[in-house]
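**Q** Please find my_file-v1.cif (mmCIF, N, CA and C atoms) on the next line:
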data_entry
loop_
_atom_site.label_atom_id
_atom_site.label_comp_id
_atom_site.auth_asym_id
_atom_site.auth_seq_id
_atom_site.Cartn_x
_atom_site.Cartn_y
_atom_site.Cartn_z
N MET A 452 58.13 63.80 62.10
CA MET A 452 56.93 63.27 62.72
C MET A 452 57.03 63.37 64.24
N ILE A 453 58.14 62.93 64.79
CA ILE A 453 58.26 62.92 66.26
C ILE A 453 58.30 64.34 66.81
N ARG A 454 58.86 65.27 66.05
CA ARG A 454 58.89 66.66 66.52
C ARG A 454 57.48 67.24 66.62
N GLY A 455 56.61 66.88 65.68
CA GLY A 455 55.22 67.32 65.74
C GLY A 455 54.50 66.72 66.94
N LEU A 456 54.78 65.46 67.23
CA LEU A 456 54.18 64.82 68.40
C LEU A 456 54.65 65.48 69.69
N LYS A 457 55.94 65.81 69.76
CA LYS A 457 56.49 66.42 70.98
C LYS A 457 55.93 67.82 71.21
N ARG A 458 55.58 68.53 70.13
CA ARG A 458 54.95 69.84 70.31
C ARG A 458 53.57 69.71 70.93
N ALA A 459 52.86 68.63 70.59
CA ALA A 459 51.52 68.42 71.12
C ALA A 459 51.54 67.81 72.53
N ASN A 460 52.54 66.99 72.83
CA ASN A 460 52.63 66.33 74.13
C ASN A 460 54.11 66.21 74.50
N SER A 461 54.59 67.10 75.35
CA SER A 461 56.03 67.12 75.68
C SER A 461 56.38 66.23 76.87
N VAL A 462 55.39 65.63 77.52
CA VAL A 462 55.68 64.86 78.74
C VAL A 462 55.82 63.36 78.50
N CYS A 463 55.34 62.86 77.39
CA CYS A 463 55.44 61.42 77.10
C CYS A 463 56.59 61.14 76.14
N THR A 464 57.14 59.93 76.24
CA THR A 464 58.15 59.46 75.31
C THR A 464 57.47 58.40 74.45
N PHE A 465 57.40 58.65 73.15
CA PHE A 465 56.60 57.81 72.27
C PHE A 465 57.42 56.77 71.52
N ALA A 466 56.79 55.62 71.32
CA ALA A 466 57.33 54.56 70.48
C ALA A 466 56.27 54.27 69.41
N PHE A 467 56.70 54.08 68.19
CA PHE A 467 55.77 53.78 67.11
C PHE A 467 55.45 52.30 67.12
N ARG A 468 54.18 51.98 66.95
CA ARG A 468 53.73 50.59 66.93
C ARG A 468 53.53 50.10 65.51
N ARG A 469 52.82 50.88 64.72
CA ARG A 469 52.53 50.51 63.34
C ARG A 469 52.58 51.76 62.47
N HIS A 470 52.93 51.59 61.22
CA HIS A 470 52.85 52.70 60.28
C HIS A 470 52.67 52.15 58.86
N TRP A 471 52.03 52.94 58.02
CA TRP A 471 51.82 52.53 56.64
C TRP A 471 51.60 53.76 55.78
N ALA A 472 51.87 53.59 54.49
CA ALA A 472 51.68 54.66 53.51
C ALA A 472 50.59 54.23 52.54
N SER A 473 49.84 55.18 52.04
CA SER A 473 48.81 54.86 51.06
C SER A 473 48.96 55.77 49.85
N LEU A 474 48.62 55.23 48.71
CA LEU A 474 48.75 55.97 47.46
C LEU A 474 47.42 56.07 46.72
N SER A 475 46.32 56.07 47.46
CA SER A 475 45.01 56.12 46.81
C SER A 475 44.74 57.52 46.28
N ASN A 476 44.05 57.58 45.16
CA ASN A 476 43.64 58.86 44.57
C ASN A 476 42.19 59.10 44.93
N ASP A 477 41.97 60.04 45.82
CA ASP A 477 40.62 60.34 46.30
C ASP A 477 40.29 61.77 45.93
N ASP A 478 39.14 61.99 45.32
CA ASP A 478 38.74 63.33 44.88
C ASP A 478 38.23 64.21 46.02
N SER A 479 38.08 63.65 47.20
CA SER A 479 37.52 64.42 48.32
C SER A 479 38.50 65.46 48.86
N GLY A 480 39.77 65.36 48.49
CA GLY A 480 40.75 66.32 48.98
C GLY A 480 41.32 65.96 50.34
N LYS A 481 40.90 64.84 50.90
CA LYS A 481 41.37 64.41 52.22
C LYS A 481 42.24 63.16 52.10
N GLU A 482 42.98 63.07 51.05
CA GLU A 482 43.83 61.91 50.82
C GLU A 482 44.90 61.81 51.91
N VAL A 483 44.99 60.66 52.51
CA VAL A 483 45.97 60.42 53.57
C VAL A 483 47.18 59.75 52.95
N LEU A 484 48.37 60.34 53.15
CA LEU A 484 49.59 59.80 52.57
C LEU A 484 50.32 58.86 53.51
N PHE A 485 50.25 59.14 54.81
CA PHE A 485 51.00 58.36 55.78
C PHE A 485 50.21 58.29 57.08
N THR A 486 50.14 57.13 57.68
CA THR A 486 49.43 56.94 58.94
C THR A 486 50.32 56.16 59.89
N CYS A 487 50.27 56.50 61.18
CA CYS A 487 51.04 55.73 62.16
C CYS A 487 50.30 55.71 63.49
N GLN A 488 50.63 54.71 64.28
CA GLN A 488 50.07 54.56 65.62
C GLN A 488 51.21 54.30 66.58
N GLY A 489 51.02 54.68 67.82
CA GLY A 489 52.06 54.45 68.81
C GLY A 489 51.54 54.64 70.22
N ARG A 490 52.48 54.59 71.17
CA ARG A 490 52.12 54.67 72.58
C ARG A 490 53.27 55.29 73.36
N CYS A 491 52.96 55.69 74.59
CA CYS A 491 53.99 56.18 75.50
C CYS A 491 54.70 54.95 76.09
N ILE A 492 56.02 55.04 76.26
CA ILE A 492 56.78 53.88 76.73
C ILE A 492 56.88 53.80 78.25
N PHE A 493 56.37 54.80 78.97
CA PHE A 493 56.40 54.72 80.43
C PHE A 493 55.47 53.61 80.89
N LYS A 494 55.92 52.82 81.86
CA LYS A 494 55.08 51.74 82.40
C LYS A 494 53.86 52.35 83.07
N GLY A 495 52.69 51.84 82.76
CA GLY A 495 51.47 52.32 83.37
C GLY A 495 50.84 53.51 82.68
N CYS A 496 51.55 54.16 81.76
CA CYS A 496 50.98 55.30 81.04
C CYS A 496 50.10 54.77 79.91
N LYS A 497 48.89 55.24 79.85
CA LYS A 497 47.90 54.74 78.90
C LYS A 497 47.75 55.61 77.66
N VAL A 498 48.65 56.56 77.44
CA VAL A 498 48.53 57.46 76.29
C VAL A 498 48.91 56.72 75.02
N THR A 499 48.00 56.75 74.04
CA THR A 499 48.26 56.23 72.71
C THR A 499 47.96 57.34 71.71
N PHE A 500 48.43 57.18 70.50
CA PHE A 500 48.14 58.18 69.48
C PHE A 500 47.95 57.51 68.12
N THR A 501 47.19 58.18 67.30
CA THR A 501 47.05 57.85 65.89
C THR A 501 47.28 59.15 65.14
N SER A 502 48.12 59.11 64.14
CA SER A 502 48.38 60.34 63.38
C SER A 502 48.40 60.02 61.89
N HIS A 503 48.13 61.04 61.11
CA HIS A 503 48.25 60.89 59.67
C HIS A 503 48.70 62.21 59.04
N VAL A 504 49.32 62.08 57.89
CA VAL A 504 49.76 63.22 57.11
C VAL A 504 48.90 63.24 55.85
N ASP A 505 48.25 64.38 55.60
CA ASP A 505 47.39 64.47 54.42
C ASP A 505 48.18 64.97 53.22
N LYS A 506 47.50 65.12 52.09
CA LYS A 506 48.20 65.49 50.86
C LYS A 506 48.75 66.92 50.90
N ASN A 507 48.29 67.74 51.86
CA ASN A 507 48.83 69.09 52.05
C ASN A 507 50.01 69.08 53.01
N LEU A 508 50.47 67.88 53.37
CA LEU A 508 51.60 67.66 54.27
C LEU A 508 51.35 68.23 55.66
N GLN A 509 50.10 68.20 56.10
CA GLN A 509 49.76 68.62 57.45
C GLN A 509 49.62 67.37 58.33
N LEU A 510 50.18 67.46 59.52
CA LEU A 510 50.13 66.36 60.48
C LEU A 510 48.88 66.52 61.35
N HIS A 511 48.11 65.46 61.47
CA HIS A 511 46.92 65.42 62.31
C HIS A 511 47.13 64.32 63.34
N VAL A 512 47.01 64.67 64.63
CA VAL A 512 47.27 63.71 65.70
C VAL A 512 46.06 63.62 66.61
N LYS A 513 45.73 62.40 67.00
CA LYS A 513 44.64 62.17 67.96
C LYS A 513 45.22 61.36 69.11
N PHE A 514 45.18 61.94 70.32
CA PHE A 514 45.67 61.27 71.51
C PHE A 514 44.51 60.65 72.27
N ARG A 515 44.78 59.52 72.91
CA ARG A 515 43.80 58.88 73.80
C ARG A 515 44.51 58.48 75.08
N GLY A 516 43.75 58.43 76.18
CA GLY A 516 44.30 57.98 77.45
C GLY A 516 44.77 59.13 78.31
N THR A 517 45.20 58.78 79.52
CA THR A 517 45.68 59.78 80.47
C THR A 517 47.14 59.51 80.79
N VAL A 518 47.86 60.60 81.03
CA VAL A 518 49.28 60.51 81.37
C VAL A 518 49.41 60.00 82.79
N ARG A 519 50.23 58.98 82.98
CA ARG A 519 50.49 58.45 84.31
C ARG A 519 51.92 57.91 84.33
N HIS A 520 52.81 58.69 84.93
CA HIS A 520 54.21 58.31 85.02
C HIS A 520 54.61 58.18 86.49
N ALA A 521 55.37 57.14 86.79
CA ALA A 521 55.90 56.98 88.15
C ALA A 521 56.93 58.08 88.40
N LYS A 522 57.00 58.59 89.61
CA LYS A 522 57.92 59.70 89.92
C LYS A 522 59.38 59.31 89.75
N THR A 523 59.70 58.03 89.90
CA THR A 523 61.10 57.59 89.83
C THR A 523 61.50 57.12 88.44
N GLU A 524 60.55 56.98 87.53
CA GLU A 524 60.86 56.45 86.20
C GLU A 524 61.33 57.55 85.26
N LYS A 525 62.36 57.26 84.50
CA LYS A 525 62.91 58.17 83.49
C LYS A 525 62.95 57.44 82.16
N ALA A 526 62.70 58.15 81.06
CA ALA A 526 62.73 57.53 79.74
C ALA A 526 63.08 58.57 78.69
N CYS A 527 63.65 58.10 77.57
CA CYS A 527 63.91 58.99 76.44
C CYS A 527 63.94 58.17 75.16
N ARG A 528 63.71 58.85 74.04
CA ARG A 528 63.78 58.21 72.73
C ARG A 528 65.23 58.05 72.33
N TYR A 529 65.48 57.06 71.47
CA TYR A 529 66.81 56.90 70.90
C TYR A 529 67.10 58.10 70.01
N ILE A 530 68.34 58.49 69.96
CA ILE A 530 68.75 59.59 69.10
C ILE A 530 69.19 58.96 67.78
N SER A 531 68.56 59.37 66.68
CA SER A 531 68.88 58.77 65.39
C SER A 531 68.87 59.82 64.30
N GLY A 532 69.32 59.41 63.13
CA GLY A 532 69.29 60.28 61.96
C GLY A 532 70.18 61.50 62.07
N SER A 533 69.64 62.63 61.63
CA SER A 533 70.43 63.87 61.63
C SER A 533 70.75 64.33 63.05
N ASP A 534 69.86 64.03 64.00
CA ASP A 534 70.12 64.40 65.40
C ASP A 534 71.33 63.62 65.93
N ARG A 535 71.47 62.38 65.52
CA ARG A 535 72.61 61.55 65.95
C ARG A 535 73.92 62.09 65.38
N GLU A 536 73.89 62.50 64.11
CA GLU A 536 75.09 63.07 63.50
C GLU A 536 75.50 64.36 64.20
N ALA A 537 74.53 65.20 64.52
CA ALA A 537 74.82 66.45 65.23
C ALA A 537 75.40 66.15 66.62
N MET A 538 74.85 65.12 67.28
CA MET A 538 75.33 64.74 68.61
C MET A 538 76.79 64.27 68.56
N LYS A 539 77.15 63.54 67.52
CA LYS A 539 78.54 63.08 67.36
C LYS A 539 79.50 64.25 67.32
N LYS A 540 79.12 65.28 66.56
CA LYS A 540 79.97 66.46 66.43
C LYS A 540 80.12 67.19 67.76
N VAL A 541 79.02 67.31 68.49
CA VAL A 541 79.05 68.00 69.78
C VAL A 541 79.93 67.24 70.78
N LEU A 542 79.78 65.93 70.83
CA LEU A 542 80.49 65.13 71.83
C LEU A 542 81.98 64.96 71.52
N LYS A 543 82.40 65.32 70.32
CA LYS A 543 83.83 65.30 70.00
C LYS A 543 84.59 66.40 70.72
N ARG A 544 83.87 67.48 71.04
CA ARG A 544 84.55 68.62 71.67
C ARG A 544 83.99 68.99 73.04
N LYS A 545 83.05 68.17 73.56
CA LYS A 545 82.44 68.49 74.85
C LYS A 545 82.21 67.21 75.64
N LEU A 546 82.38 67.28 76.96
CA LEU A 546 82.12 66.13 77.82
C LEU A 546 80.63 65.79 77.80
N SER A 547 80.33 64.49 77.77
CA SER A 547 78.93 64.07 77.69
C SER A 547 78.13 64.53 78.91
N ARG A 548 78.73 64.52 80.07
CA ARG A 548 78.02 64.96 81.29
C ARG A 548 77.64 66.44 81.20
N LEU A 549 78.56 67.26 80.70
CA LEU A 549 78.30 68.69 80.53
C LEU A 549 77.17 68.92 79.53
N HIS A 550 77.21 68.20 78.42
CA HIS A 550 76.16 68.34 77.40
C HIS A 550 74.81 67.90 77.97
N TYR A 551 74.80 66.81 78.73
CA TYR A 551 73.58 66.31 79.35
C TYR A 551 72.97 67.38 80.26
N LEU A 552 73.77 68.00 81.08
CA LEU A 552 73.28 69.03 82.01
C LEU A 552 72.74 70.25 81.25
N GLU A 553 73.40 70.63 80.16
CA GLU A 553 72.93 71.76 79.36
C GLU A 553 71.58 71.44 78.73
N GLN A 554 71.42 70.22 78.22
CA GLN A 554 70.15 69.82 77.61
C GLN A 554 69.04 69.73 78.65
N MET A 555 69.37 69.29 79.85
CA MET A 555 68.38 69.20 80.93
C MET A 555 67.83 70.59 81.27
N LYS A 556 68.68 71.61 81.22
CA LYS A 556 68.24 72.97 81.51
C LYS A 556 67.24 73.47 80.46
N LYS A 557 67.31 72.93 79.24
CA LYS A 557 66.43 73.36 78.16
C LYS A 557 65.04 72.73 78.24
N LEU A 558 64.88 71.66 79.00
CA LEU A 558 63.58 70.99 79.11
C LEU A 558 62.59 71.88 79.85
N ASP A 559 61.33 71.83 79.42
CA ASP A 559 60.33 72.59 80.16
C ASP A 559 60.01 71.88 81.47
N SER A 560 59.44 72.60 82.40
CA SER A 560 59.24 72.06 83.75
C SER A 560 58.30 70.86 83.77
N GLU A 561 57.29 70.83 82.91
CA GLU A 561 56.38 69.69 82.86
C GLU A 561 57.10 68.43 82.40
N ALA A 562 57.90 68.54 81.36
CA ALA A 562 58.64 67.38 80.84
C ALA A 562 59.64 66.89 81.89
N LEU A 563 60.29 67.80 82.55
CA LEU A 563 61.27 67.43 83.58
C LEU A 563 60.59 66.70 84.74
N ALA A 564 59.45 67.21 85.18
CA ALA A 564 58.73 66.58 86.29
C ALA A 564 58.16 65.22 85.92
N SER A 565 57.83 65.03 84.63
CA SER A 565 57.22 63.77 84.20
C SER A 565 58.24 62.65 84.01
N GLY A 566 59.53 62.99 83.96
CA GLY A 566 60.56 61.98 83.75
C GLY A 566 60.95 61.82 82.30
N CYS A 567 60.38 62.62 81.42
CA CYS A 567 60.67 62.54 79.98
C CYS A 567 62.01 63.23 79.71
N ARG A 568 62.94 62.49 79.14
CA ARG A 568 64.27 63.04 78.87
C ARG A 568 64.59 63.07 77.38
N ASP A 569 63.58 63.17 76.53
CA ASP A 569 63.82 63.23 75.09
C ASP A 569 64.70 64.42 74.75
N GLY A 570 65.70 64.19 73.94
CA GLY A 570 66.63 65.25 73.57
C GLY A 570 67.82 65.37 74.49
N CYS A 571 67.81 64.67 75.60
CA CYS A 571 68.93 64.67 76.54
C CYS A 571 69.61 63.30 76.48
N PRO A 572 70.74 63.24 75.84
CA PRO A 572 71.41 61.93 75.78
C PRO A 572 71.86 61.51 77.17
N SER A 573 72.02 60.25 77.34
CA SER A 573 72.50 59.74 78.62
C SER A 573 73.84 60.37 78.97
N LYS A 574 74.05 60.63 80.23
CA LYS A 574 75.34 61.21 80.64
C LYS A 574 76.46 60.19 80.51
N ASP A 575 76.12 58.92 80.24
CA ASP A 575 77.11 57.86 80.09
C ASP A 575 77.40 57.55 78.63
N VAL A 576 77.00 58.43 77.71
CA VAL A 576 77.18 58.16 76.25
C VAL A 576 78.64 57.93 75.96
#
If you convert what's in this file into structure tokens, what do you get?
**A**
Amino acid sequence: MIRGLKRANSVCTFAFRRHWASLSNDDSGKEVLFTCQGRCIFKGCKVTFTSHVDKNLQLHVKFRGTVRHAKTEKACRYISGSDREAMKKVLKRKLSRLHYLEQMKKLDSEALASGCRDGCPSKDV
């Protein structure tokens, strides 16, 4: 889910506010299986989203608001799940500062300028 959101908006760091699953049988073909809502965690940023996954497993996202990030503010999502396990393996054989710098080079220029550091673990890990 978060990877789909990041493809649509790479400059915000999102936090989920609410989510729910539905199991209704609707003949219209637009059955929604999963719905969630969230927001950008940057202070002052008004971007919110509502997304749902339909029965064809397609993600549909609707963003509202405008991006507004302070130049000095930095934020990133927690690393969890399979990404966390992969990070453990990498950090066993590489210095965290070196890995941080390598990940920073992979960020696109818009995300870097906005202060979004998703995918870049803290250099103090």
**Q** Do a neighbour search on Thr523 of chain A at 8 Å with all atoms listed in the file, toss out local chain neighbours closer than 3 positions, and write the hits as an NGL selection string.
**A** :A and (520 or 526 or 565-566)
**Q** Those residues you just picked out, can you put them in a file as a short mmCIF file (atom, residue, chain, number, x, y, z; two decimals), in the frame of the given file with N, CA and C atoms?
**A**
data_model
loop_
_atom_site.label_atom_id
_atom_site.label_comp_id
_atom_site.auth_asym_id
_atom_site.auth_seq_id
_atom_site.Cartn_x
_atom_site.Cartn_y
_atom_site.Cartn_z
N HIS A 520 52.81 58.69 84.93
CA HIS A 520 54.21 58.31 85.02
C HIS A 520 54.61 58.18 86.49
N ALA A 526 62.70 58.15 81.06
CA ALA A 526 62.73 57.53 79.74
C ALA A 526 63.08 58.57 78.69
N SER A 565 57.83 65.03 84.63
CA SER A 565 57.22 63.77 84.20
C SER A 565 58.24 62.65 84.01
N GLY A 566 59.53 62.99 83.96
CA GLY A 566 60.56 61.98 83.75
C GLY A 566 60.95 61.82 82.30
#
**Q** Going by DSSP on the backbone, which residues of chain A come out as helix (DSSP H, G or I)? List them as a count of residues only.
**A** 37
**Q** When you look at segment 468-474 of chain A with a cut-off of 7 Å (counting only N, CA and C atoms), what residues show up, excluding the ones that are within fewer than 2 positions of it in the same chain? I need them as an MDAnalysis selection string.
**A** chainID A and resid 466 476:477 483:490
**Q** Within chain A, find each residue whose DSSP state, derived from the backbone, is strand (DSSP E), and express the selection as a ChimeraX atom specification.
**A** /A:465-472,483-491,499-505,510-515
**Q** With distances taken over all atoms listed in the file, which of A:Val498, A:Leu456, A:Cys571, A:Val512 is nearest to His550 of chain A?
**A**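 That would be A:Cys571, the residue with the smallest distance to His550 of chain A.
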**Q** Would you translate the PyMOL selection byres ((chain A and resi 516) around 7) into the concrete set of residues it matches in this file, as a PyMOL selection string?
**A** chain A and resi 497-499+514-515+517-518
**Q** One decimal, in Å: what's the spacing between atom CA of Asp569 of chain A and atom C of Tyr551 of chain A?
**A**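 So the answer is 11.3 Å.
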**Q** Closest to Phe493 of chain A among A:Lys506, A:Arg519, A:His511, A:Arg535, using all atoms listed in the file?
**A** A:Arg519
**Q** In Å, rounded to a single decimal, give me how far atom CA of Arg568 of chain A is from atom CA of Glu553 of chain A.
**A**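 Spanning atom CA of Glu553 of chain A to atom CA of Arg568 of chain A is a straight-line distance of 12.3 Å.
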**Q** Given the PyMOL selection byres ((chain A and resi 492) around 6.5) and the file above, list the residues it selects as a ChimeraX atom specification.
**A** /A:463-466,490-491,493-496
**Q** Write out as a list in words which residues come within 12 Å of Gly455 of chain A when counting only C-alpha atoms, dropping same-chain ones fewer than 2 positions away.
**A**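 Everything that qualifies: Met452, Ile453, Lys457, Arg458, Ala459, Asn460, Ser461, Phe465, Ser502, His503, Val504, Gln509, Leu510, His511, Val512 and Lys513 of chain A.
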**Q** Between atom C of Val462 of chain A and atom CA of Cys567 of chain A, what distance in Å does the model show, to one decimal?
**A**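 Interatomic distance, atom C of Val462 of chain A to atom CA of Cys567 of chain A: 5.1 Å.
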**Q** Carefully work through the PyMOL selection byres (((chain A and resi 538 and name CA) around 12) and name CA) for this structure and note down the residues it includes, as a PyMOL selection string.
**A** chain A and resi 529-537+539-547+550-551+554+570-573+576
**Q** With N, CA and C atoms kept, could you save the residues just selected as a tab-separated table (two decimals), in the frame of the given file?
**A**
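Here's the written file result.tsv:
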chain	number	residue	atom	x	y	z
A	529	TYR	N	65.48	57.06	71.47
A	529	TYR	CA	66.81	56.90	70.90
A	529	TYR	C	67.10	58.10	70.01
A	530	ILE	N	68.34	58.49	69.96
A	530	ILE	CA	68.75	59.59	69.10
A	530	ILE	C	69.19	58.96	67.78
A	531	SER	N	68.56	59.37	66.68
A	531	SER	CA	68.88	58.77	65.39
A	531	SER	C	68.87	59.82	64.30
A	532	GLY	N	69.32	59.41	63.13
A	532	GLY	CA	69.29	60.28	61.96
A	532	GLY	C	70.18	61.50	62.07
A	533	SER	N	69.64	62.63	61.63
A	533	SER	CA	70.43	63.87	61.63
A	533	SER	C	70.75	64.33	63.05
A	534	ASP	N	69.86	64.03	64.00
A	534	ASP	CA	70.12	64.40	65.40
A	534	ASP	C	71.33	63.62	65.93
A	535	ARG	N	71.47	62.38	65.52
A	535	ARG	CA	72.61	61.55	65.95
A	535	ARG	C	73.92	62.09	65.38
A	536	GLU	N	73.89	62.50	64.11
A	536	GLU	CA	75.09	63.07	63.50
A	536	GLU	C	75.50	64.36	64.20
A	537	ALA	N	74.53	65.20	64.52
A	537	ALA	CA	74.82	66.45	65.23
A	537	ALA	C	75.40	66.15	66.62
A	539	LYS	N	77.15	63.54	67.52
A	539	LYS	CA	78.54	63.08	67.36
A	539	LYS	C	79.50	64.25	67.32
A	540	LYS	N	79.12	65.28	66.56
A	540	LYS	CA	79.97	66.46	66.43
A	540	LYS	C	80.12	67.19	67.76
A	541	VAL	N	79.02	67.31	68.49
A	541	VAL	CA	79.05	68.00	69.78
A	541	VAL	C	79.93	67.24	70.78
A	542	LEU	N	79.78	65.93	70.83
A	542	LEU	CA	80.49	65.13	71.83
A	542	LEU	C	81.98	64.96	71.52
A	543	LYS	N	82.40	65.32	70.32
A	543	LYS	CA	83.83	65.30	70.00
A	543	LYS	C	84.59	66.40	70.72
A	544	ARG	N	83.87	67.48	71.04
A	544	ARG	CA	84.55	68.62	71.67
A	544	ARG	C	83.99	68.99	73.04
A	545	LYS	N	83.05	68.17	73.56
A	545	LYS	CA	82.44	68.49	74.85
A	545	LYS	C	82.21	67.21	75.64
A	546	LEU	N	82.38	67.28	76.96
A	546	LEU	CA	82.12	66.13	77.82
A	546	LEU	C	80.63	65.79	77.80
A	547	SER	N	80.33	64.49	77.77
A	547	SER	CA	78.93	64.07	77.69
A	547	SER	C	78.13	64.53	78.91
A	550	HIS	N	77.21	68.20	78.42
A	550	HIS	CA	76.16	68.34	77.40
A	550	HIS	C	74.81	67.90	77.97
A	551	TYR	N	74.80	66.81	78.73
A	551	TYR	CA	73.58	66.31	79.35
A	551	TYR	C	72.97	67.38	80.26
A	554	GLN	N	71.42	70.22	78.22
A	554	GLN	CA	70.15	69.82	77.61
A	554	GLN	C	69.04	69.73	78.65
A	570	GLY	N	65.70	64.19	73.94
A	570	GLY	CA	66.63	65.25	73.57
A	570	GLY	C	67.82	65.37	74.49
A	571	CYS	N	67.81	64.67	75.60
A	571	CYS	CA	68.93	64.67	76.54
A	571	CYS	C	69.61	63.30	76.48
A	572	PRO	N	70.74	63.24	75.84
A	572	PRO	CA	71.41	61.93	75.78
A	572	PRO	C	71.86	61.51	77.17
A	573	SER	N	72.02	60.25	77.34
A	573	SER	CA	72.50	59.74	78.62
A	573	SER	C	73.84	60.37	78.97
A	576	VAL	N	77.00	58.43	77.71
A	576	VAL	CA	77.18	58.16	76.25
A	576	VAL	C	78.64	57.93	75.96
